[in-house]
Structure formats: structure tokens, C-alpha cells
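Q: So here's run_37.cif (mmCIF, C-alpha atoms).
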```cif
data_work
#
loop_
_atom_site.group_PDB
_atom_site.id
_atom_site.type_symbol
_atom_site.label_atom_id
_atom_site.label_comp_id
_atom_site.auth_asym_id
_atom_site.auth_seq_id
_atom_site.Cartn_x
_atom_site.Cartn_y
_atom_site.Cartn_z
ATOM 1 C CA MET A 755 -89.712 -237.004 -45.081
ATOM 2 C CA ILE A 756 -90.551 -234.539 -47.835
ATOM 3 C CA ASP A 757 -88.868 -234.947 -51.215
ATOM 4 C CA ALA A 758 -90.610 -231.998 -52.870
ATOM 5 C CA SER A 759 -88.049 -229.567 -51.457
ATOM 6 C CA GLY A 760 -87.928 -227.430 -54.601
ATOM 7 C CA VAL A 761 -91.680 -226.855 -54.542
ATOM 8 C CA ALA A 762 -91.730 -226.251 -50.793
ATOM 9 C CA ASN A 763 -88.788 -223.853 -51.018
ATOM 10 C CA ASP A 764 -90.590 -221.870 -53.734
ATOM 11 C CA LEU A 765 -93.765 -221.630 -51.641
ATOM 12 C CA LEU A 766 -92.082 -220.660 -48.363
ATOM 13 C CA PRO A 767 -92.047 -216.862 -48.950
ATOM 14 C CA ALA A 768 -95.827 -216.808 -49.453
ATOM 15 C CA HIS A 769 -96.338 -218.798 -46.256
ATOM 16 C CA LEU A 770 -94.117 -216.424 -44.308
ATOM 17 C CA VAL A 771 -96.186 -213.454 -45.517
ATOM 18 C CA ALA A 772 -99.382 -215.247 -44.443
ATOM 19 C CA TYR A 773 -97.823 -216.112 -41.095
ATOM 20 C CA ALA A 774 -96.834 -212.487 -40.507
ATOM 21 C CA GLY A 775 -100.493 -211.557 -40.966
ATOM 22 C CA ASP A 776 -102.011 -214.313 -38.855
ATOM 23 C CA GLY A 777 -99.235 -215.441 -36.528
ATOM 24 C CA ASP A 778 -100.196 -218.060 -34.022
ATOM 25 C CA GLY A 779 -103.857 -217.673 -34.939
ATOM 26 C CA ALA A 780 -106.410 -220.400 -35.320
ATOM 27 C CA CYS A 781 -105.356 -221.401 -38.843
ATOM 28 C CA ILE A 782 -102.993 -224.333 -38.521
ATOM 29 C CA ALA A 783 -102.294 -224.213 -42.264
ATOM 30 C CA VAL A 784 -100.598 -220.842 -41.769
ATOM 31 C CA ARG A 785 -98.311 -222.359 -39.092
ATOM 32 C CA ASN A 786 -97.560 -225.378 -41.284
ATOM 33 C CA GLY A 787 -95.757 -223.411 -44.032
ATOM 34 C CA PRO A 788 -92.866 -222.154 -41.880
ATOM 35 C CA ALA A 789 -92.811 -225.498 -40.045
ATOM 36 C CA ILE A 790 -92.347 -227.414 -43.306
ATOM 37 C CA GLY A 791 -89.677 -224.887 -44.244
ATOM 38 C CA ALA A 792 -87.875 -225.448 -40.934
ATOM 39 C CA LEU A 793 -87.883 -229.207 -41.438
ATOM 40 C CA LEU A 794 -86.649 -228.882 -45.016
ATOM 41 C CA ARG A 795 -83.880 -226.499 -44.005
ATOM 42 C CA ALA A 796 -82.840 -228.887 -41.218
ATOM 43 C CA GLU A 797 -82.813 -231.882 -43.591
ATOM 44 C CA GLN A 798 -80.821 -229.845 -46.135
ATOM 45 C CA GLY A 799 -78.189 -229.103 -43.488
ATOM 46 C CA ASP A 800 -79.115 -225.425 -43.144
ATOM 47 C CA GLY A 801 -79.159 -225.240 -39.345
ATOM 48 C CA PRO A 802 -79.276 -221.430 -39.136
ATOM 49 C CA GLY A 803 -82.136 -221.249 -41.665
ATOM 50 C CA ALA A 804 -84.070 -223.957 -39.839
ATOM 51 C CA SER A 805 -83.487 -222.287 -36.472
ATOM 52 C CA GLN A 806 -84.692 -218.955 -37.864
ATOM 53 C CA LEU A 807 -87.946 -220.531 -39.054
ATOM 54 C CA LEU A 808 -88.372 -222.406 -35.758
ATOM 55 C CA ALA A 809 -88.027 -219.080 -33.917
ATOM 56 C CA ILE A 810 -90.670 -217.498 -36.158
ATOM 57 C CA VAL A 811 -93.222 -220.209 -35.459
ATOM 58 C CA GLY A 812 -92.244 -220.705 -31.815
ATOM 59 C CA HIS A 813 -94.131 -223.040 -29.517
ATOM 60 C CA SER A 814 -97.867 -223.493 -29.830
ATOM 61 C CA GLU A 815 -99.893 -223.261 -26.657
ATOM 62 C CA TRP A 816 -101.472 -226.582 -27.646
ATOM 63 C CA GLY A 817 -98.393 -228.455 -28.865
ATOM 64 C CA SER A 818 -100.679 -230.804 -30.736
ATOM 65 C CA ASP A 819 -101.002 -229.190 -34.151
ATOM 66 C CA PRO A 820 -99.170 -230.516 -37.216
ATOM 67 C CA ALA A 821 -96.727 -227.565 -37.117
ATOM 68 C CA SER A 822 -95.615 -228.569 -33.611
ATOM 69 C CA GLY A 823 -94.917 -232.090 -34.841
ATOM 70 C CA LEU A 824 -93.052 -230.827 -37.917
ATOM 71 C CA ASN A 825 -91.037 -228.449 -35.747
ATOM 72 C CA ALA A 826 -90.238 -231.321 -33.400
ATOM 73 C CA LEU A 827 -88.863 -233.285 -36.358
ATOM 74 C CA ALA A 828 -86.733 -230.278 -37.296
ATOM 75 C CA ASP A 829 -85.513 -230.061 -33.680
ATOM 76 C CA VAL A 830 -84.460 -233.719 -33.755
ATOM 77 C CA THR A 831 -82.737 -233.279 -37.122
ATOM 78 C CA LEU A 832 -80.833 -230.326 -35.665
ATOM 79 C CA GLY A 833 -79.757 -232.431 -32.683
ATOM 80 C CA ASN A 834 -82.173 -230.908 -30.147
ATOM 81 C CA PRO A 835 -84.494 -233.775 -29.155
ATOM 82 C CA GLU A 836 -85.190 -232.247 -25.740
ATOM 83 C CA SER A 837 -86.661 -229.207 -27.486
ATOM 84 C CA ALA A 838 -88.803 -231.533 -29.603
ATOM 85 C CA VAL A 839 -90.260 -233.155 -26.489
ATOM 86 C CA GLU A 840 -90.843 -229.757 -24.890
ATOM 87 C CA ARG A 841 -92.454 -228.437 -28.071
ATOM 88 C CA THR A 842 -94.970 -231.296 -28.162
ATOM 89 C CA GLY A 843 -95.301 -231.857 -24.413
ATOM 90 C CA HIS A 844 -98.420 -229.736 -24.100
ATOM 91 C CA ALA A 845 -100.331 -232.074 -26.365
ATOM 92 C CA SER A 846 -102.719 -234.047 -24.253
ATOM 93 C CA LEU A 847 -102.926 -237.770 -24.821
ATOM 94 C CA ALA A 848 -106.500 -237.219 -25.998
ATOM 95 C CA HIS A 849 -105.276 -234.760 -28.649
ATOM 96 C CA ARG A 850 -102.538 -237.148 -29.742
ATOM 97 C CA ARG A 851 -105.095 -239.935 -30.069
ATOM 98 C CA ALA A 852 -107.580 -237.676 -31.840
ATOM 99 C CA GLY A 853 -105.555 -237.134 -34.952
ATOM 100 C CA PHE A 854 -102.279 -235.353 -34.501
ATOM 101 C CA PRO A 855 -99.912 -237.948 -35.935
ATOM 102 C CA PHE A 856 -97.148 -235.446 -36.723
ATOM 103 C CA VAL A 857 -96.751 -234.965 -32.976
ATOM 104 C CA THR A 858 -96.414 -238.730 -32.565
ATOM 105 C CA VAL A 859 -93.772 -238.889 -35.321
ATOM 106 C CA GLY A 860 -91.827 -236.047 -33.712
ATOM 107 C CA ARG A 861 -91.966 -237.614 -30.266
ATOM 108 C CA ILE A 862 -90.901 -241.047 -31.564
ATOM 109 C CA ASP A 863 -87.809 -239.559 -33.186
ATOM 110 C CA ALA A 864 -87.044 -237.451 -30.107
ATOM 111 C CA PHE A 865 -87.348 -240.310 -27.613
ATOM 112 C CA ALA A 866 -85.237 -242.605 -29.811
ATOM 113 C CA SER A 867 -82.606 -239.900 -30.209
ATOM 114 C CA MET A 868 -82.534 -239.334 -26.431
ATOM 115 C CA HIS A 869 -82.425 -243.097 -25.735
ATOM 116 C CA ASP A 870 -85.527 -242.646 -23.578
ATOM 117 C CA TRP A 871 -86.591 -246.243 -24.078
ATOM 118 C CA ASP A 872 -89.463 -246.245 -21.581
ATOM 119 C CA SER A 873 -91.149 -243.238 -23.208
ATOM 120 C CA LEU A 874 -90.552 -244.725 -26.660
ATOM 121 C CA ALA A 875 -92.091 -248.042 -25.586
ATOM 122 C CA ASP A 876 -95.149 -246.189 -24.249
ATOM 123 C CA LEU A 877 -95.571 -244.311 -27.537
ATOM 124 C CA ILE A 878 -95.331 -247.238 -29.976
ATOM 125 C CA PRO A 879 -98.921 -248.495 -29.404
ATOM 126 C CA LEU A 880 -100.261 -244.971 -30.028
ATOM 127 C CA ALA A 881 -98.246 -244.766 -33.243
ATOM 128 C CA ARG A 882 -99.663 -248.081 -34.430
ATOM 129 C CA ALA A 883 -103.177 -246.883 -33.588
ATOM 130 C CA GLN A 884 -102.692 -243.788 -35.790
ATOM 131 C CA VAL A 885 -101.490 -245.581 -38.939
ATOM 132 C CA ASP A 886 -104.882 -245.009 -40.577
ATOM 133 C CA GLN A 887 -104.317 -241.243 -40.145
ATOM 134 C CA MET A 888 -100.705 -241.211 -41.345
ATOM 135 C CA ARG A 889 -99.257 -244.108 -43.286
ATOM 136 C CA LEU A 890 -95.739 -243.018 -42.303
ATOM 137 C CA LEU A 891 -96.431 -244.223 -38.761
ATOM 138 C CA GLY A 892 -96.530 -247.900 -39.822
ATOM 139 C CA PRO A 893 -92.866 -248.196 -40.755
ATOM 140 C CA GLY A 894 -92.058 -245.490 -38.208
ATOM 141 C CA ALA A 895 -93.471 -247.643 -35.412
ATOM 142 C CA ASP A 896 -91.666 -250.691 -36.798
ATOM 143 C CA ARG A 897 -88.369 -248.788 -36.770
ATOM 144 C CA ALA A 898 -89.013 -247.428 -33.267
ATOM 145 C CA GLU A 899 -89.778 -250.893 -31.945
ATOM 146 C CA GLY A 900 -86.760 -252.329 -33.790
ATOM 147 C CA VAL A 901 -84.434 -249.706 -32.322
ATOM 148 C CA LEU A 902 -85.968 -250.356 -28.904
ATOM 149 C CA GLN A 903 -85.263 -254.081 -29.277
ATOM 150 C CA VAL A 904 -81.660 -253.341 -30.308
ATOM 151 C CA ALA A 905 -81.290 -251.202 -27.171
ATOM 152 C CA ARG A 906 -82.652 -254.071 -25.088
ATOM 153 C CA GLY A 907 -80.179 -256.450 -26.716
ATOM 154 C CA ASP A 908 -82.782 -258.500 -28.608
ATOM 155 C CA ARG A 909 -81.364 -258.403 -32.126
ATOM 156 C CA ALA A 910 -83.395 -261.432 -33.225
ATOM 157 C CA GLU A 911 -86.591 -259.466 -32.557
ATOM 158 C CA ALA A 912 -85.159 -256.209 -33.944
ATOM 159 C CA VAL A 913 -84.019 -257.289 -37.398
ATOM 160 C CA PRO A 914 -87.456 -258.300 -38.803
ATOM 161 C CA LEU A 915 -88.973 -255.055 -37.491
ATOM 162 C CA LEU A 916 -86.220 -252.958 -39.041
ATOM 163 C CA ARG A 917 -86.498 -254.808 -42.348
ATOM 164 C CA ARG A 918 -90.261 -254.257 -42.342
ATOM 165 C CA ALA A 919 -89.651 -250.544 -41.702
ATOM 166 C CA LEU A 920 -87.155 -250.467 -44.568
ATOM 167 C CA GLU A 921 -89.670 -252.127 -46.884
ATOM 168 C CA GLY A 922 -92.454 -249.756 -45.809
ATOM 169 C CA PHE A 923 -90.420 -246.592 -46.343
ATOM 170 C CA THR A 924 -89.037 -247.927 -49.635
ATOM 171 C CA GLU A 925 -92.553 -248.735 -50.857
ATOM 172 C CA MET A 926 -93.620 -245.161 -50.060
ATOM 173 C CA GLY A 927 -90.572 -243.764 -51.851
ATOM 174 C CA ILE A 928 -89.208 -242.112 -48.718
ATOM 175 C CA VAL A 929 -85.557 -242.641 -49.517
ATOM 176 C CA LEU A 930 -83.965 -240.904 -46.506
ATOM 177 C CA GLU A 931 -86.021 -242.893 -44.003
ATOM 178 C CA ALA A 932 -85.336 -246.132 -45.889
ATOM 179 C CA ALA A 933 -81.592 -245.437 -45.889
ATOM 180 C CA GLN A 934 -81.649 -244.896 -42.122
ATOM 181 C CA ASP A 935 -83.438 -248.208 -41.639
ATOM 182 C CA ALA A 936 -81.000 -250.035 -43.923
ATOM 183 C CA GLU A 937 -78.115 -248.657 -41.867
ATOM 184 C CA VAL A 938 -79.650 -249.732 -38.541
ATOM 185 C CA ALA A 939 -80.779 -253.130 -39.858
ATOM 186 C CA GLY A 940 -77.321 -253.775 -41.325
ATOM 187 C CA GLY A 941 -75.690 -253.051 -37.988
ATOM 188 C CA SER A 942 -78.133 -255.334 -36.153
ATOM 189 C CA ARG A 943 -77.299 -258.581 -37.962
#
```
Just dump the structure as C-alpha cells.
A:
Amino acid sequence: MIDASGVANDLLPAHLVAYAGDGDGACIAVRNGPAIGALLRAEQGDGPGASQLLAIVGHSEWGSDPASGLNALADVTLGNPESAVERTGHASLAHRRAGFPFVTVGRIDAFASMHDWDSLADLIPLARAQVDQMRLLGPGADRAEGVLQVARGDRAEAVPLLRRALEGFTEMGIVLEAAQDAEVAGGSR
């Protein structure tokens, strides 16, 4: 999701100092630094480093801030989708609709990973409604719906959705997401 890992890794120490001073205070930007670090560590295969950062940030009482969504993505990457759902479960539907697309992204990945097809199906329309807030949700919703169709056995419906997701992620230069879509689309022929 984030290819600027070198820059983010260099900035992480400063964010951790700020977090130590503010903690779970009102400033969501302070929570975002360690959350981005946790996601990067998870994507880099550093499970212990990601888990350490997740423990620092913990769970927000709201569960609807960007850090909660980023942490949910790290949870899914680490193989803990149930934790991702728990981490974002406090977010009210109104908050999710009001502009917290990272929470939607985290929940999509968690539900797909858990094979919770009913919850995933319920979330896809919300993801599509938030595309204007986060472009990533367009191909993300296409992939989610494609995977859902594969699970339901409708490969004819799934393949165009997965190809559209692949095209969307490729156009944005998000190589990891595009590679995942290519793998799923290739297996759905």
C-alpha cells in the first residue's frame, strides 16, 4: 500500500517521540506515524517489529480514525484478521460513512481473509460510496466483489471485477496490490 518505505522508516523515530508525548490524545496525526510503521513492518515481513508498534498504539476508543484502519491492515498482513475487525469494530456506521476510509479498507481485507462473505458483501457498497475520499477503494471494492463472486462460484462475474481491480491498482502504481489481483484473476479463469 505504501511504497515510500525508506522515507517512512526514516520518519518513524520522530513519530514515536511525538506519540510518547501525546499518546492516544486528540491528534490523529500522532497516532498515524506508528500505525504506518506497523503496516510497513508487517509488509516487510518484520512481524515482531509490527507487533511492537501495534502494541504501542493499541486500540482507539473510537476505532474509526485512520490509525485504526492502518493497524487493521497490519493485523491482516500479520495473519490476525479477527484482531483487525475488533480494532475497527467500535467505529459506528455513521463514522465509517463520514470519512474514515482506512477503516473500510482494513475491514474489507479482514472479512475477505476470514471468508466472512456476508460481512464483506455488506461492506462493498460503503467502499464504493467512499471512493471520492480514497481512490484506493475503487479497485479495492472491485477486488472484494471479485473475491466474493469466486467464493460464490460465479467465476464469469468475478474475472472482469478482478481485472478491473488489477488495472486500477496498476494505474495507481500500487504494485503489491496489483500482483495480488493478478494472482487471483489468473486462478479464476
Q: Can you translate the PyMOL selection byres ((chain A and resi 808) around 8) into the concrete residues it hits in this file, as a short mmCIF file (atom, residue, chain, number, x, y, z; two decimals) with C-alpha atoms, keeping the file's coordinate frame?
A:
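Dumped everything to part_18.cif:
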```cif
data_model
loop_
_atom_site.label_atom_id
_atom_site.label_comp_id
_atom_site.auth_asym_id
_atom_site.auth_seq_id
_atom_site.Cartn_x
_atom_site.Cartn_y
_atom_site.Cartn_z
CA PRO A 788 -92.87 -222.15 -41.88
CA ALA A 789 -92.81 -225.50 -40.04
CA ALA A 792 -87.88 -225.45 -40.93
CA ALA A 804 -84.07 -223.96 -39.84
CA SER A 805 -83.49 -222.29 -36.47
CA GLN A 806 -84.69 -218.96 -37.86
CA LEU A 807 -87.95 -220.53 -39.05
CA ALA A 809 -88.03 -219.08 -33.92
CA ILE A 810 -90.67 -217.50 -36.16
CA VAL A 811 -93.22 -220.21 -35.46
CA GLY A 812 -92.24 -220.70 -31.82
CA ASN A 825 -91.04 -228.45 -35.75
#
```
Q: Record the distance separating CA of Pro855 in chain A and CA of Glu911 in chain A, expressed in Å with one decimal.
A: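 Straight-line distance from CA of Pro855 in chain A to CA of Glu911 in chain A works out to 25.5 Å.
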Q: For this structure, which residues satisfy the selection - the PyMOL selection byres ((chain A and resi 888) around 12) - when it is evaluated on the file as given? I want them as a PDB file with C-alpha atoms, in the frame of the given file.
A:
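Final output, saved to result.pdb:
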```
ATOM      1  CA  PRO A 820     -99.170-230.516 -37.216  1.00  0.00           C
ATOM      2  CA  GLY A 853    -105.555-237.134 -34.952  1.00  0.00           C
ATOM      3  CA  PHE A 854    -102.279-235.353 -34.501  1.00  0.00           C
ATOM      4  CA  PRO A 855     -99.912-237.948 -35.935  1.00  0.00           C
ATOM      5  CA  PHE A 856     -97.148-235.446 -36.723  1.00  0.00           C
ATOM      6  CA  VAL A 857     -96.751-234.965 -32.976  1.00  0.00           C
ATOM      7  CA  THR A 858     -96.414-238.730 -32.565  1.00  0.00           C
ATOM      8  CA  VAL A 859     -93.772-238.889 -35.321  1.00  0.00           C
ATOM      9  CA  LEU A 880    -100.261-244.971 -30.028  1.00  0.00           C
ATOM     10  CA  ALA A 881     -98.246-244.766 -33.243  1.00  0.00           C
ATOM     11  CA  ARG A 882     -99.663-248.081 -34.430  1.00  0.00           C
ATOM     12  CA  ALA A 883    -103.177-246.883 -33.588  1.00  0.00           C
ATOM     13  CA  GLN A 884    -102.692-243.788 -35.790  1.00  0.00           C
ATOM     14  CA  VAL A 885    -101.490-245.581 -38.939  1.00  0.00           C
ATOM     15  CA  ASP A 886    -104.882-245.009 -40.577  1.00  0.00           C
ATOM     16  CA  GLN A 887    -104.317-241.243 -40.145  1.00  0.00           C
ATOM     17  CA  ARG A 889     -99.257-244.108 -43.286  1.00  0.00           C
ATOM     18  CA  LEU A 890     -95.739-243.018 -42.303  1.00  0.00           C
ATOM     19  CA  LEU A 891     -96.431-244.223 -38.761  1.00  0.00           C
ATOM     20  CA  GLY A 892     -96.530-247.900 -39.822  1.00  0.00           C
ATOM     21  CA  PRO A 893     -92.866-248.196 -40.755  1.00  0.00           C
ATOM     22  CA  GLY A 894     -92.058-245.490 -38.208  1.00  0.00           C
ATOM     23  CA  ALA A 895     -93.471-247.643 -35.412  1.00  0.00           C
ATOM     24  CA  MET A 926     -93.620-245.161 -50.060  1.00  0.00           C
TER      25      MET A 926
END
```
Q: List the neighbours of Gly833 in chain A out to 12 Å using all atoms listed in the file; skip same-chain residues closer than 3 positions along the sequence, and give me the result as a list of chain:residue names.
A: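 So the residues in contact are A:Ala796, A:Glu797, A:Gly799, A:Gly801, A:Ala804, A:Ser805, A:Ala826, A:Leu827, A:Ala828, A:Asp829, A:Val830, A:Glu836, A:Ser837, A:Ala838, A:Asp863, A:Ala864, A:Ala866, A:Ser867, A:Met868.
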Q: Save the residues we just selected, C-alpha atoms, as a PDB file, keeping the file's coordinate frame?
A:
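The file below, again.pdb, is the result:
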```pdb
ATOM      1  CA  ALA A 796     -82.840-228.887 -41.218  1.00  0.00           C
ATOM      2  CA  GLU A 797     -82.813-231.882 -43.591  1.00  0.00           C
ATOM      3  CA  GLY A 799     -78.189-229.103 -43.488  1.00  0.00           C
ATOM      4  CA  GLY A 801     -79.159-225.240 -39.345  1.00  0.00           C
ATOM      5  CA  ALA A 804     -84.070-223.957 -39.839  1.00  0.00           C
ATOM      6  CA  SER A 805     -83.487-222.287 -36.472  1.00  0.00           C
ATOM      7  CA  ALA A 826     -90.238-231.321 -33.400  1.00  0.00           C
ATOM      8  CA  LEU A 827     -88.863-233.285 -36.358  1.00  0.00           C
ATOM      9  CA  ALA A 828     -86.733-230.278 -37.296  1.00  0.00           C
ATOM     10  CA  ASP A 829     -85.513-230.061 -33.680  1.00  0.00           C
ATOM     11  CA  VAL A 830     -84.460-233.719 -33.755  1.00  0.00           C
ATOM     12  CA  GLU A 836     -85.190-232.247 -25.740  1.00  0.00           C
ATOM     13  CA  SER A 837     -86.661-229.207 -27.486  1.00  0.00           C
ATOM     14  CA  ALA A 838     -88.803-231.533 -29.603  1.00  0.00           C
ATOM     15  CA  ASP A 863     -87.809-239.559 -33.186  1.00  0.00           C
ATOM     16  CA  ALA A 864     -87.044-237.451 -30.107  1.00  0.00           C
ATOM     17  CA  ALA A 866     -85.237-242.605 -29.811  1.00  0.00           C
ATOM     18  CA  SER A 867     -82.606-239.900 -30.209  1.00  0.00           C
ATOM     19  CA  MET A 868     -82.534-239.334 -26.431  1.00  0.00           C
TER      20      MET A 868
END
```
Q: Given only C-alpha atoms as the basis, pick out the residue of A:Gly791, A:Gly927, A:Pro802, A:Gly860 nearest to Asp819 in chain A.
A: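 The closest residue to Asp819 in chain A is A:Gly860.
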Q: To one decimal in Å, tell me the separation between CA of Ile878 in chain A and CA of Gln903 in chain A.
A: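 CA of Gln903 in chain A lies at a distance of 12.2 Å from CA of Ile878 in chain A.
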